[in-house]
Amino acid sequence: MRRPTMTDVAREVGVTAKTVSRVLNDDGPVAVETRERVLAAVTKLGYRPNLMARNMRVGARDAAIGLVVPEMGNPFFGTVAGGVESAVRARGLTLIVGSSSETAGLEQSLIATFLARRVSALMVVPAASSDHRHLRSERMAGLPIVFLDRPAVGLRADCVVSANREGSRAGVAHLVAHGHRRIGFVGDAPASLYTRRERFQGYRDALDGAGLPFDRALVEAGHDMEAAAQATMRLLSLADPPTAVFAGNNLASMGVVVALARAGRKEVAVVGFDDLPLAEALDPPLTVVAQDPAGVGAAAAEMVLRRLDGDRSRARRTTVPTRLITRGSGELPPP
């Protein structure tokens with residue numbers, strides 16, 4: 001069954017489509033009786049105006065905010081989106097989310113789609129190797145643009161990030177404080193990714209602060225859980241394996257836990273960056289450096305709303321703190 005059109009409403013009432021448009025858009029004089037008949041026909045037929053087409057026709061902004069995330073399946077980004085949505089809903093704005101699959105080309109395509117429908121604001125979690133110079137004209141024209149979790153590349157714009165370096169340093173220092181001297185690092189891939197670079201630098205900071213040598217053999221990477229599990233197995237197979245592992249994000253943490261379970265290695269200490277569902281149910285329960293993804297989303301939404309309210313100040317960066325949650329896995333002593 002096809003959707004009713006403005007022409008169907010006009011035919012039902014016996015008026016022109018232009019008259020129906022005037023009623024729905026409150027644009028021009030229409031007799032009271034005619035207006036009531038048009039509205040009754042709209043209800044009867046179940047007609048819904050194409051707001052996107054109207055906005056494009058008259059040059060207005062859509063009452064929607066476009067959000068691009070790298071992965072829909074990662075619970076971190078889902079919680080970030082929830083934080084955004086909760087904040088903008090109260091202002092009558094709708095959040096539209098698309099996934100770039102961590103691909104710069106798809107990210108740019110999604111951004112183009114959001115811009116074509118004239119969203120009121122744009123929010124982006126940048127994909128690896130993305131470049132944002134193409135958004136300079138939109139930024140100059142006043143479109144609110146906020147980057148989340150990772151800053152823009154080639155564009156000065158608002159962004160909200162976690163305290164990646166500080167949190168990672170605290171997590172690794174926690175392992176050092178419990179006697180570990182050989183600490184593996186399983187990070188995200190590619191190594192050029194902003195969050196991976198920052199967390200790796202925190203790892204290096206903690207080693208330097210403790211006077212421990214850096215060993216490249218203890219550094220591995222994997223973008224998904226299985227790749228991280230394989231990376232962990234490579235660390236365990238070293239002639240001088242680590243007694244503890246720091247995992248650089250939630251998927252890496254899951255991979256590390258899976259690998260240790262497969263190998264029956266309960267004595268290896270673990271601290272993960274990002275909290276996990278059921279982390280307390282693991283054996284031992286997982287110690288983590290917890291981010292605040294809902295807080296990241298809410299802070300980014302507040303930036304957008306300020307811009308929509310007329311704030312034209314310089315681009316700013318907000319850093320959302322992390323916190324160390326000790327549960328047991330990070331407190332295991334070295335053998």
# chains A, B, ... in the order shown; residues from 1 in each chain; ligands from 1

$ closest_atom_pairs --of "region 157-262 of chain A" --to "region 269-292 of chain A" --cutoff "6 Å" --atoms "only C-alpha atoms" --output "JSON lines"
{"residue": "A:Ala244", "atom": "CA", "partner": "A:Ala269", "partner_atom": "CA", "distance": 4.3}
{"residue": "A:Val245", "atom": "CA", "partner": "A:Val270", "partner_atom": "CA", "distance": 5.0}
{"residue": "A:Phe246", "atom": "CA", "partner": "A:Val271", "partner_atom": "CA", "distance": 5.0}
{"residue": "A:Ala247", "atom": "CA", "partner": "A:Gly272", "partner_atom": "CA", "distance": 4.5}
{"residue": "A:Gly248", "atom": "CA", "partner": "A:Phe273", "partner_atom": "CA", "distance": 5.2}
{"residue": "A:Asn249", "atom": "CA", "partner": "A:Phe273", "partner_atom": "CA", "distance": 4.7}
{"residue": "A:Asn250", "atom": "CA", "partner": "A:Asp274", "partner_atom": "CA", "distance": 5.1}
{"residue": "A:Ser253", "atom": "CA", "partner": "A:Gly272", "partner_atom": "CA", "distance": 5.3}

$ select_by_dssp --residues "region 84-204 of chain A" --states "helix (DSSP H, G or I)" --output "PyMOL selection string"
chain A and resi 84-89+104-116+133-140+164-177+194-204

$ residues_around --residues "Thr7 (chain A)" --least-positions-apart "6" --cutoff "12 Å" --atoms "only C-alpha atoms" --output "ChimeraX atom specification"
/A:13-21,38,41-42,45,47,49

$ closest_residue --among "A:Arg117, A:Ala112, A:Glu71, A:Ser237" --to "Ser100 (chain A)" --atoms "only C-alpha atoms"
A:Glu71

$ select_by_dssp --residues "region 33-254 of chain A" --states "strand (DSSP E)" --output "MDAnalysis selection string"
chainID A and resid 62:69 94:99 119:124 145:148 158:162 183:187 219:221 244:247

$ residues_around --residues "Leu218 (chain A)" --least-positions-apart "2" --cutoff "6 Å" --atoms "only C-alpha atoms" --output "list in words"
Gly184, Asp215 and Arg216 of chain A

$ write_last_selection --atoms "N, CA, C and O atoms" --output "mmCIF file, in the first residue's frame"
data_model
loop_
_atom_site.group_PDB
_atom_site.id
_atom_site.type_symbol
_atom_site.label_atom_id
_atom_site.label_comp_id
_atom_site.auth_asym_id
_atom_site.auth_seq_id
_atom_site.Cartn_x
_atom_site.Cartn_y
_atom_site.Cartn_z
ATOM 1 N N GLY A 184 52.619 -6.511 29.570
ATOM 2 C CA GLY A 184 52.275 -6.478 28.151
ATOM 3 C C GLY A 184 51.234 -5.423 27.851
ATOM 4 O O GLY A 184 50.460 -5.016 28.729
ATOM 5 N N ASP A 215 60.058 -2.669 26.402
ATOM 6 C CA ASP A 215 60.388 -3.819 25.569
ATOM 7 C C ASP A 215 59.347 -3.928 24.458
ATOM 8 O O ASP A 215 58.171 -4.227 24.723
ATOM 9 N N ARG A 216 59.764 -3.662 23.210
ATOM 10 C CA ARG A 216 58.840 -3.692 22.078
ATOM 11 C C ARG A 216 58.163 -5.054 21.931
ATOM 12 O O ARG A 216 57.029 -5.150 21.435
#

$ atom_distance --atom1 "CA of Ala299 (chain A)" --atom2 "CA of Gly105 (chain A)"
27.0 Å
